Amino acid sequence: MPNPEPTSPRLERSLLLAILLATILAYARVGGNGFINWDDPGWVTENPLWQAPNPLYSIWFTLEAHQYYPLSFTLLWIEHHLFGDAPAGYHWVSLGFHLLATWGFYALLRRLRFDLIASIIAAAVVAIHPLQVAAVAWAVEQKTMFAAAAIWWSFERYIAAEESGSRRSYVLSLVLFICAMLAKTQPLLLAVLFPLARPLLGRVRSAAGRGAGLSSLLRLYRIAWPHLVIAVVLAIPTIIRERSPLDEGNLTIPERAVAMGRGLWFYLGKFAWPRELSGLYPLWKIDLRDGTAFLWPLAAAILAGILIWRARRQPTLAFASLLCVLTWLPASCIVPFGHMEKSYVADHLVYFSLGGLGLLFGLLVRWALREGDRTRRVPIIGLTVLSLIAFGVTTFLRIGTYRNSITFWQQVLSIDPRSLSGNNNLGTALAEAGRITEAIPLYRTGIEVRPGYYELRINYADALYRTGDRDGAIEQLKFALRAKPGDDLATRRLAALGAGTIDAAQEEGLRARASAEPPNEATEQLALARFLIDSGRGEEAVTLLKSTLERPLPAPARGPVLGELGYVLVSLRRYEAALAAYQEQLSHDPGSPTVRMNVGVMLRRLGRFKEAIAELERAQRQAPANEQIRYNLEKAHRAER
């Protein structure tokens, strides 16, 4: 149990000051970093809330923001008035909160009477471990540092209030806890650990000991219940606002268990050996048919069992583990939040958990020093110091990854060249820098990964137009409209290029040509239908296409009409009718993998998963390299489970 040896206050202050100075040195370049075109514009520079008639009302009393973190948005609103679009100010404020969080975590450990060596090492890990760069050097993650500073000081003041009975310390703990939850709700489960900390560490006799019963457990939480209530209440808007629908690709409970188990070992590996870190990691493929997938959660369960078994003999180990797990659990895939659509793991999600991992590291070093003989102490201390120096140097070097959008996304693509977000956002950053010819291949790669990605089509159209390829830009905008029928942005850009879908004279000409078309042809009818679809007039297009199908059309002409009818019915969410159209189209063209894929997608949307998988597997055999078929087949398999 914690039993700190007497130490000189001057030595303690000097060591803490050394950590804080080392942190400033490690992050010295952060002030030269810019913004990243992934959340920074929407949160900081181009936040629509800044233009609202009453920004503070919108921030606090509506769910208009990306997340319900009103205190974080309020701080950014104030900084926007102070710094405008100059990024340096935001980064220095973030670093200030990071320093405050490091100091608060160290103060908490000393308040809990952990010895100086373990506390200093743990604080150093929190301060300078390379995993922390993702939060500290990314402007939008300022919310994480502020929440961490508030939660660690809240925890420290709670323990102080328990020890002394100070009402002032308790009120301050409660206020700081509210601030933390209003900045970011991820550490909410620490409210469970607050009253357990001292009994768990043997500092006081637990009121919830063996045989004590529920009433004793409740007494243990007699002053912590406001923290618990606040945590639950403020978690509700976060869940509502952030929960990801994930379409039919939502993870089942067994799949979440696999993702959580693998995520735990992933983070432990990156903590011990922080190489190939990335702002966005590849999205793992979880296939429950592969029995080895369950080795991840099984290994995690074994590790948990060992820690529980050792908890009574080594309560500090149990406390450090709980500190790590309770801060990681809300972001561990247990709830399907939006980040899971891109990756199940992310460095910034373990900012709070680094406290527990750092404490485990510190306890390991302290144990080695106590158990080893004197001849081993110097190598242990030397290895520990070298590890911390290596962490700091790696952090210093990694700051450059977040220098701007180009450096950030280049590093993401070095880890995952097929990253959809990476190709799209790096292309956009290069295009904004005037490097259009470098952006175009990235957009093409993104379209190969997901052909129906609306934003990518819009960006690709802009790039093509800037190179003088007007026809290519028009084609991409039409693809965008097919992905998002009636979209105002694509419609206006088409109109600006002289190919708009809102020209009455153009519509009149199309109708005239369609009326004069021979009954055994459908070229002009299709052109008019596509005009109506692109104009957001889907029902009119359905009527036109159905009347066209009543003509004596030959099979080669009938297939495209059925395909267009299926497409517009999907946009209208009439899936049964769309399925019928695609199935008839498939009967005319059974060799088309795209049509077969459309049949499979409709079957999946209707919940007929086994039939969907069968059709999609046939389509994949017809076109093994087709990324869109593979993507939809994976979604069908996940939906079936």
# chains A, B, ... in the order shown; residues from 1 in each chain; ligands from 1
>>> select_by_dssp(residues="stretch 96-312 of chain A", states="alpha helix (DSSP H)", output="PyMOL selection string")
chain A and resi 96-111+116-128+133-136+142-164+167-183+190-193+197-200+214-220+225-242+253-272+295-311
>>> residues_around(residues="A:Val30", least_positions_apart="2", cutoff="12 Å", atoms="only C-alpha atoms", output="PyMOL selection string")
chain A and resi 23-28+32-35+87-96+133-139+395-404
>>> atom_distance(atom1="atom CA of A:Leu388", atom2="atom CA of A:Ala122")
10.4 Å
>>> closest_residue(among="A:Val125, A:Ile447, A:Ile613, A:Leu200", to="A:Arg313", atoms="only C-alpha atoms")
A:Leu200
>>> closest_residue(among="A:Leu603, A:Leu116, A:Ala301, A:Val140", to="A:Thr45", atoms="only C-alpha atoms")
A:Val140
>>> atom_distance(atom1="atom CA of A:Tyr221", atom2="atom CA of A:Tyr106")
24.4 Å
>>> atom_distance(atom1="atom CA of A:Ile406", atom2="atom CA of A:Gln186")
29.2 Å
>>> residues_around(residues="A:Ala512", least_positions_apart="3", cutoff="12 Å", atoms="only C-alpha atoms", output="PyMOL selection string")
chain A and resi 505-509+515-517+524-525+527-528
>>> residues_around(residues="A:His339", least_positions_apart="2", cutoff="12 Å", atoms="only C-alpha atoms", output="VMD selection string")
chain A and resid 39 242 to 246 279 to 283 331 to 333 335 to 337 341 to 349 421
>>> closest_residue(among="A:Leu112, A:Gly269, A:Leu228, A:Ile253", to="A:Ala197", atoms="only C-alpha atoms")
A:Leu112
>>> closest_residue(among="A:Ile380, A:Ala235, A:Val325, A:Ala636", to="A:Gly607", atoms="only C-alpha atoms")
A:Ala636
>>> residues_around(residues="A:Ser414", least_positions_apart="3", cutoff="12 Å", atoms="only C-alpha atoms", output="list in words")
Glu276, Leu277, Ser278, Gly279, Leu280, Tyr281, Pro282, Thr401, Thr407, Phe408, Trp409, Gln410, Gln411, Pro417, Arg418, Ser419, Gly422, Asn423 and Leu426 of chain A
>>> closest_residue(among="A:Ser587, A:Thr292, A:Glu46, A:Pro55", to="A:Gly84", atoms="only C-alpha atoms")
A:Glu46
>>> closest_residue(among="A:Asn520, A:Ser119, A:Gln583, A:Thr428", to="A:Gly356", atoms="only C-alpha atoms")
A:Ser119
>>> residues_around(residues="stretch 458-463 of chain A", least_positions_apart="5", cutoff="8 Å", atoms="only C-alpha atoms", output="list of chain:residue names")
A:Asn424, A:Thr428, A:Ala431, A:Ile436, A:Ala439, A:Ile440, A:Tyr443, A:Arg444, A:Gly472, A:Ala473, A:Ile474, A:Glu475, A:Gln476, A:Leu477, A:Ala480, A:Ala490
>>> write_last_selection(atoms="all heavy atoms", output="compact mmCIF listing (two decimals), in the first residue's frame")
# COMPACT_ATOMS: atom_id res chain seq x y z
N ASN A 424 -9.07 12.03 -48.98
CA ASN A 424 -9.95 13.18 -49.22
C ASN A 424 -9.38 14.46 -48.59
O ASN A 424 -9.27 15.49 -49.25
CB ASN A 424 -11.34 12.89 -48.66
CG ASN A 424 -12.30 14.04 -48.89
OD1 ASN A 424 -12.37 14.60 -49.97
ND2 ASN A 424 -13.04 14.41 -47.85
N THR A 428 -7.73 17.79 -50.30
CA THR A 428 -8.28 19.13 -50.06
C THR A 428 -7.19 20.10 -49.61
O THR A 428 -7.13 21.25 -50.07
CB THR A 428 -9.40 19.06 -49.01
OG1 THR A 428 -10.41 18.17 -49.46
CG2 THR A 428 -10.00 20.43 -48.76
N ALA A 431 -5.01 20.91 -52.54
CA ALA A 431 -5.72 21.79 -53.47
C ALA A 431 -5.73 23.23 -52.95
O ALA A 431 -5.54 24.18 -53.71
CB ALA A 431 -7.13 21.28 -53.69
N ILE A 436 -2.75 21.23 -57.18
CA ILE A 436 -3.90 20.50 -57.70
C ILE A 436 -3.50 19.16 -58.31
O ILE A 436 -4.18 18.15 -58.11
CB ILE A 436 -4.64 21.34 -58.77
CG1 ILE A 436 -4.99 22.73 -58.21
CG2 ILE A 436 -5.89 20.63 -59.23
CD1 ILE A 436 -5.93 22.69 -57.05
N ALA A 439 -3.29 16.60 -55.79
CA ALA A 439 -4.55 16.27 -55.12
C ALA A 439 -5.39 15.29 -55.92
O ALA A 439 -6.06 14.41 -55.35
CB ALA A 439 -5.35 17.56 -54.86
N ILE A 440 -5.39 15.41 -57.25
CA ILE A 440 -6.28 14.61 -58.09
C ILE A 440 -6.07 13.11 -57.92
O ILE A 440 -7.06 12.37 -57.76
CB ILE A 440 -6.13 15.04 -59.57
CG1 ILE A 440 -6.81 16.41 -59.75
CG2 ILE A 440 -6.74 14.02 -60.51
CD1 ILE A 440 -6.67 17.01 -61.13
N TYR A 443 -7.87 11.99 -54.74
CA TYR A 443 -9.33 11.90 -54.89
C TYR A 443 -9.72 10.62 -55.64
O TYR A 443 -10.71 9.97 -55.29
CB TYR A 443 -9.85 13.12 -55.64
CG TYR A 443 -9.77 14.42 -54.86
CD1 TYR A 443 -9.38 15.61 -55.49
CD2 TYR A 443 -10.08 14.47 -53.51
CE1 TYR A 443 -9.31 16.81 -54.80
CE2 TYR A 443 -10.01 15.66 -52.80
CZ TYR A 443 -9.62 16.82 -53.46
OH TYR A 443 -9.56 18.00 -52.76
N ARG A 444 -8.95 10.27 -56.65
CA ARG A 444 -9.25 9.06 -57.42
C ARG A 444 -9.14 7.81 -56.54
O ARG A 444 -9.97 6.91 -56.62
CB ARG A 444 -8.32 8.95 -58.62
CG ARG A 444 -8.63 9.96 -59.72
CD ARG A 444 -7.58 9.91 -60.82
NE ARG A 444 -7.89 10.87 -61.88
CZ ARG A 444 -7.01 11.31 -62.76
NH1 ARG A 444 -5.75 10.85 -62.73
NH2 ARG A 444 -7.36 12.17 -63.69
N GLY A 472 -15.10 17.05 -66.95
CA GLY A 472 -14.86 16.13 -65.83
C GLY A 472 -15.49 16.63 -64.55
O GLY A 472 -16.03 15.85 -63.76
N ALA A 473 -15.44 17.95 -64.32
CA ALA A 473 -16.05 18.53 -63.13
C ALA A 473 -17.57 18.32 -63.15
O ALA A 473 -18.18 17.97 -62.13
CB ALA A 473 -15.71 20.01 -63.03
N ILE A 474 -18.17 18.54 -64.31
CA ILE A 474 -19.63 18.34 -64.43
C ILE A 474 -19.99 16.89 -64.14
O ILE A 474 -20.96 16.60 -63.43
CB ILE A 474 -20.10 18.76 -65.84
CG1 ILE A 474 -20.00 20.28 -65.99
CG2 ILE A 474 -21.52 18.27 -66.10
CD1 ILE A 474 -20.26 20.78 -67.40
N GLU A 475 -19.20 15.98 -64.67
CA GLU A 475 -19.47 14.55 -64.44
C GLU A 475 -19.42 14.22 -62.95
O GLU A 475 -20.27 13.50 -62.43
CB GLU A 475 -18.45 13.71 -65.21
CG GLU A 475 -18.67 12.21 -65.04
CD GLU A 475 -17.60 11.39 -65.74
OE1 GLU A 475 -16.63 11.99 -66.26
OE2 GLU A 475 -17.72 10.16 -65.74
N GLN A 476 -18.41 14.75 -62.23
CA GLN A 476 -18.29 14.47 -60.80
C GLN A 476 -19.43 15.10 -60.00
O GLN A 476 -19.93 14.51 -59.04
CB GLN A 476 -16.94 14.97 -60.27
CG GLN A 476 -15.74 14.22 -60.83
CD GLN A 476 -15.85 12.72 -60.61
OE1 GLN A 476 -16.21 12.25 -59.52
NE2 GLN A 476 -15.53 11.95 -61.63
N LEU A 477 -19.87 16.28 -60.39
CA LEU A 477 -21.00 16.92 -59.70
C LEU A 477 -22.28 16.12 -59.92
O LEU A 477 -23.13 16.02 -59.02
CB LEU A 477 -21.17 18.35 -60.19
CG LEU A 477 -20.07 19.33 -59.73
CD1 LEU A 477 -20.18 20.65 -60.48
CD2 LEU A 477 -20.15 19.56 -58.23
N ALA A 480 -22.15 13.35 -57.61
CA ALA A 480 -22.48 13.83 -56.26
C ALA A 480 -23.99 13.93 -56.09
O ALA A 480 -24.54 13.57 -55.03
CB ALA A 480 -21.82 15.18 -56.01
N ALA A 490 -24.27 21.02 -54.98
CA ALA A 490 -23.93 20.45 -56.29
C ALA A 490 -24.79 21.06 -57.39
O ALA A 490 -24.30 21.33 -58.50
CB ALA A 490 -24.11 18.94 -56.26
>>> decode(residues="stretch 404-532 of chain A", atoms="C-alpha atoms", output="PDB file, in the first residue's frame")
ATOM      1  CA  ASN A 404      -0.515  21.537 -40.729  1.00  0.00           C
ATOM      2  CA  SER A 405      -3.108  19.492 -42.588  1.00  0.00           C
ATOM      3  CA  ILE A 406      -0.631  18.289 -45.199  1.00  0.00           C
ATOM      4  CA  THR A 407       1.905  16.906 -42.721  1.00  0.00           C
ATOM      5  CA  PHE A 408      -0.872  15.355 -40.641  1.00  0.00           C
ATOM      6  CA  TRP A 409      -2.618  13.500 -43.466  1.00  0.00           C
ATOM      7  CA  GLN A 410       0.637  12.470 -45.122  1.00  0.00           C
ATOM      8  CA  GLN A 411       1.522  10.676 -41.915  1.00  0.00           C
ATOM      9  CA  VAL A 412      -1.947   9.055 -41.773  1.00  0.00           C
ATOM     10  CA  LEU A 413      -1.526   7.764 -45.336  1.00  0.00           C
ATOM     11  CA  SER A 414       1.944   6.425 -44.532  1.00  0.00           C
ATOM     12  CA  ILE A 415       0.187   4.049 -42.100  1.00  0.00           C
ATOM     13  CA  ASP A 416      -2.968   3.467 -44.156  1.00  0.00           C
ATOM     14  CA  PRO A 417      -2.631   4.385 -47.868  1.00  0.00           C
ATOM     15  CA  ARG A 418      -6.296   3.457 -48.507  1.00  0.00           C
ATOM     16  CA  SER A 419      -7.661   5.734 -45.782  1.00  0.00           C
ATOM     17  CA  LEU A 420     -10.782   7.419 -47.155  1.00  0.00           C
ATOM     18  CA  SER A 421     -10.463  10.431 -44.848  1.00  0.00           C
ATOM     19  CA  GLY A 422      -6.738  10.613 -45.494  1.00  0.00           C
ATOM     20  CA  ASN A 423      -7.032  10.735 -49.270  1.00  0.00           C
ATOM     21  CA  ASN A 424      -9.947  13.180 -49.219  1.00  0.00           C
ATOM     22  CA  ASN A 425      -8.546  15.577 -46.623  1.00  0.00           C
ATOM     23  CA  LEU A 426      -4.968  15.516 -47.912  1.00  0.00           C
ATOM     24  CA  GLY A 427      -6.322  16.162 -51.397  1.00  0.00           C
ATOM     25  CA  THR A 428      -8.279  19.130 -50.065  1.00  0.00           C
ATOM     26  CA  ALA A 429      -5.250  20.502 -48.199  1.00  0.00           C
ATOM     27  CA  LEU A 430      -3.051  20.181 -51.285  1.00  0.00           C
ATOM     28  CA  ALA A 431      -5.718  21.794 -53.470  1.00  0.00           C
ATOM     29  CA  GLU A 432      -5.965  24.735 -51.063  1.00  0.00           C
ATOM     30  CA  ALA A 433      -2.181  25.083 -51.297  1.00  0.00           C
ATOM     31  CA  GLY A 434      -2.427  25.219 -55.107  1.00  0.00           C
ATOM     32  CA  ARG A 435      -0.979  21.724 -55.594  1.00  0.00           C
ATOM     33  CA  ILE A 436      -3.898  20.501 -57.704  1.00  0.00           C
ATOM     34  CA  THR A 437      -2.027  17.903 -59.715  1.00  0.00           C
ATOM     35  CA  GLU A 438      -0.989  16.182 -56.479  1.00  0.00           C
ATOM     36  CA  ALA A 439      -4.552  16.273 -55.119  1.00  0.00           C
ATOM     37  CA  ILE A 440      -6.277  14.611 -58.093  1.00  0.00           C
ATOM     38  CA  PRO A 441      -4.686  11.120 -57.670  1.00  0.00           C
ATOM     39  CA  LEU A 442      -5.701  11.173 -53.993  1.00  0.00           C
ATOM     40  CA  TYR A 443      -9.326  11.900 -54.891  1.00  0.00           C
ATOM     41  CA  ARG A 444      -9.252   9.062 -57.420  1.00  0.00           C
ATOM     42  CA  THR A 445      -7.958   6.655 -54.768  1.00  0.00           C
ATOM     43  CA  GLY A 446     -10.720   7.750 -52.406  1.00  0.00           C
ATOM     44  CA  ILE A 447     -13.357   7.167 -55.067  1.00  0.00           C
ATOM     45  CA  GLU A 448     -11.981   3.662 -55.621  1.00  0.00           C
ATOM     46  CA  VAL A 449     -12.438   2.983 -51.908  1.00  0.00           C
ATOM     47  CA  ARG A 450     -15.977   4.389 -51.757  1.00  0.00           C
ATOM     48  CA  PRO A 451     -17.484   5.499 -55.081  1.00  0.00           C
ATOM     49  CA  GLY A 452     -20.603   6.950 -53.492  1.00  0.00           C
ATOM     50  CA  TYR A 453     -18.810   9.399 -51.149  1.00  0.00           C
ATOM     51  CA  TYR A 454     -20.555  12.745 -51.803  1.00  0.00           C
ATOM     52  CA  GLU A 455     -17.964  15.093 -50.268  1.00  0.00           C
ATOM     53  CA  LEU A 456     -15.158  13.449 -52.201  1.00  0.00           C
ATOM     54  CA  ARG A 457     -17.001  13.905 -55.502  1.00  0.00           C
ATOM     55  CA  ILE A 458     -17.522  17.611 -54.767  1.00  0.00           C
ATOM     56  CA  ASN A 459     -13.842  18.115 -53.932  1.00  0.00           C
ATOM     57  CA  TYR A 460     -12.749  16.158 -57.000  1.00  0.00           C
ATOM     58  CA  ALA A 461     -15.033  18.290 -59.194  1.00  0.00           C
ATOM     59  CA  ASP A 462     -13.443  21.476 -57.828  1.00  0.00           C
ATOM     60  CA  ALA A 463      -9.959  20.152 -58.531  1.00  0.00           C
ATOM     61  CA  LEU A 464     -10.847  19.113 -62.082  1.00  0.00           C
ATOM     62  CA  TYR A 465     -12.410  22.482 -62.827  1.00  0.00           C
ATOM     63  CA  ARG A 466      -9.297  24.285 -61.601  1.00  0.00           C
ATOM     64  CA  THR A 467      -7.194  22.253 -64.055  1.00  0.00           C
ATOM     65  CA  GLY A 468      -9.520  23.286 -66.912  1.00  0.00           C
ATOM     66  CA  ASP A 469     -11.394  19.975 -67.114  1.00  0.00           C
ATOM     67  CA  ARG A 470     -14.928  21.409 -67.162  1.00  0.00           C
ATOM     68  CA  ASP A 471     -16.542  18.247 -68.504  1.00  0.00           C
ATOM     69  CA  GLY A 472     -14.858  16.131 -65.833  1.00  0.00           C
ATOM     70  CA  ALA A 473     -16.051  18.526 -63.129  1.00  0.00           C
ATOM     71  CA  ILE A 474     -19.628  18.340 -64.428  1.00  0.00           C
ATOM     72  CA  GLU A 475     -19.466  14.552 -64.443  1.00  0.00           C
ATOM     73  CA  GLN A 476     -18.287  14.471 -60.800  1.00  0.00           C
ATOM     74  CA  LEU A 477     -20.998  16.917 -59.704  1.00  0.00           C
ATOM     75  CA  LYS A 478     -23.604  14.710 -61.339  1.00  0.00           C
ATOM     76  CA  PHE A 479     -22.178  11.737 -59.437  1.00  0.00           C
ATOM     77  CA  ALA A 480     -22.482  13.827 -56.264  1.00  0.00           C
ATOM     78  CA  LEU A 481     -26.131  14.517 -57.037  1.00  0.00           C
ATOM     79  CA  ARG A 482     -26.749  10.838 -57.547  1.00  0.00           C
ATOM     80  CA  ALA A 483     -25.266  10.190 -54.116  1.00  0.00           C
ATOM     81  CA  LYS A 484     -27.297  13.036 -52.603  1.00  0.00           C
ATOM     82  CA  PRO A 485     -30.318  13.831 -54.821  1.00  0.00           C
ATOM     83  CA  GLY A 486     -31.448  17.449 -54.858  1.00  0.00           C
ATOM     84  CA  ASP A 487     -28.332  18.706 -53.050  1.00  0.00           C
ATOM     85  CA  ASP A 488     -28.229  22.488 -53.222  1.00  0.00           C
ATOM     86  CA  LEU A 489     -24.422  22.845 -53.371  1.00  0.00           C
ATOM     87  CA  ALA A 490     -23.934  20.453 -56.292  1.00  0.00           C
ATOM     88  CA  THR A 491     -26.960  21.909 -58.083  1.00  0.00           C
ATOM     89  CA  ARG A 492     -25.659  25.477 -57.795  1.00  0.00           C
ATOM     90  CA  ARG A 493     -22.184  24.488 -58.965  1.00  0.00           C
ATOM     91  CA  LEU A 494     -23.606  22.681 -61.964  1.00  0.00           C
ATOM     92  CA  ALA A 495     -25.615  25.784 -62.781  1.00  0.00           C
ATOM     93  CA  ALA A 496     -22.474  27.906 -62.494  1.00  0.00           C
ATOM     94  CA  LEU A 497     -20.754  25.616 -65.006  1.00  0.00           C
ATOM     95  CA  GLY A 498     -23.618  26.014 -67.440  1.00  0.00           C
ATOM     96  CA  ALA A 499     -24.882  22.487 -66.799  1.00  0.00           C
ATOM     97  CA  GLY A 500     -27.359  23.243 -64.057  1.00  0.00           C
ATOM     98  CA  THR A 501     -30.466  21.249 -63.366  1.00  0.00           C
ATOM     99  CA  ILE A 502     -32.705  24.239 -62.775  1.00  0.00           C
ATOM    100  CA  ASP A 503     -32.874  25.679 -66.295  1.00  0.00           C
ATOM    101  CA  ALA A 504     -36.552  25.794 -67.426  1.00  0.00           C
ATOM    102  CA  ALA A 505     -35.579  26.093 -71.096  1.00  0.00           C
ATOM    103  CA  GLN A 506     -33.368  23.034 -70.802  1.00  0.00           C
ATOM    104  CA  GLU A 507     -36.214  21.076 -69.230  1.00  0.00           C
ATOM    105  CA  GLU A 508     -38.589  22.122 -72.009  1.00  0.00           C
ATOM    106  CA  GLY A 509     -36.102  20.924 -74.621  1.00  0.00           C
ATOM    107  CA  LEU A 510     -35.652  17.590 -72.860  1.00  0.00           C
ATOM    108  CA  ARG A 511     -39.395  17.058 -72.696  1.00  0.00           C
ATOM    109  CA  ALA A 512     -39.778  17.869 -76.369  1.00  0.00           C
ATOM    110  CA  ARG A 513     -37.103  15.375 -77.373  1.00  0.00           C
ATOM    111  CA  ALA A 514     -38.530  12.720 -75.022  1.00  0.00           C
ATOM    112  CA  SER A 515     -42.000  13.149 -76.524  1.00  0.00           C
ATOM    113  CA  ALA A 516     -40.657  12.700 -80.064  1.00  0.00           C
ATOM    114  CA  GLU A 517     -38.592   9.628 -79.191  1.00  0.00           C
ATOM    115  CA  PRO A 518     -39.588   6.332 -80.898  1.00  0.00           C
ATOM    116  CA  PRO A 519     -41.439   3.902 -78.581  1.00  0.00           C
ATOM    117  CA  ASN A 520     -38.685   1.274 -78.793  1.00  0.00           C
ATOM    118  CA  GLU A 521     -35.977   3.657 -77.522  1.00  0.00           C
ATOM    119  CA  ALA A 522     -35.403   5.294 -74.136  1.00  0.00           C
ATOM    120  CA  THR A 523     -32.322   7.526 -74.445  1.00  0.00           C
ATOM    121  CA  GLU A 524     -34.192  10.830 -74.220  1.00  0.00           C
ATOM    122  CA  GLN A 525     -36.575   9.464 -71.587  1.00  0.00           C
ATOM    123  CA  LEU A 526     -33.568   8.580 -69.429  1.00  0.00           C
ATOM    124  CA  ALA A 527     -32.047  12.028 -69.946  1.00  0.00           C
ATOM    125  CA  LEU A 528     -35.277  13.666 -68.803  1.00  0.00           C
ATOM    126  CA  ALA A 529     -35.564  11.293 -65.810  1.00  0.00           C
ATOM    127  CA  ARG A 530     -32.017  12.110 -64.713  1.00  0.00           C
ATOM    128  CA  PHE A 531     -32.788  15.801 -65.057  1.00  0.00           C
ATOM    129  CA  LEU A 532     -35.780  15.358 -62.742  1.00  0.00           C
TER     130      LEU A 532
END
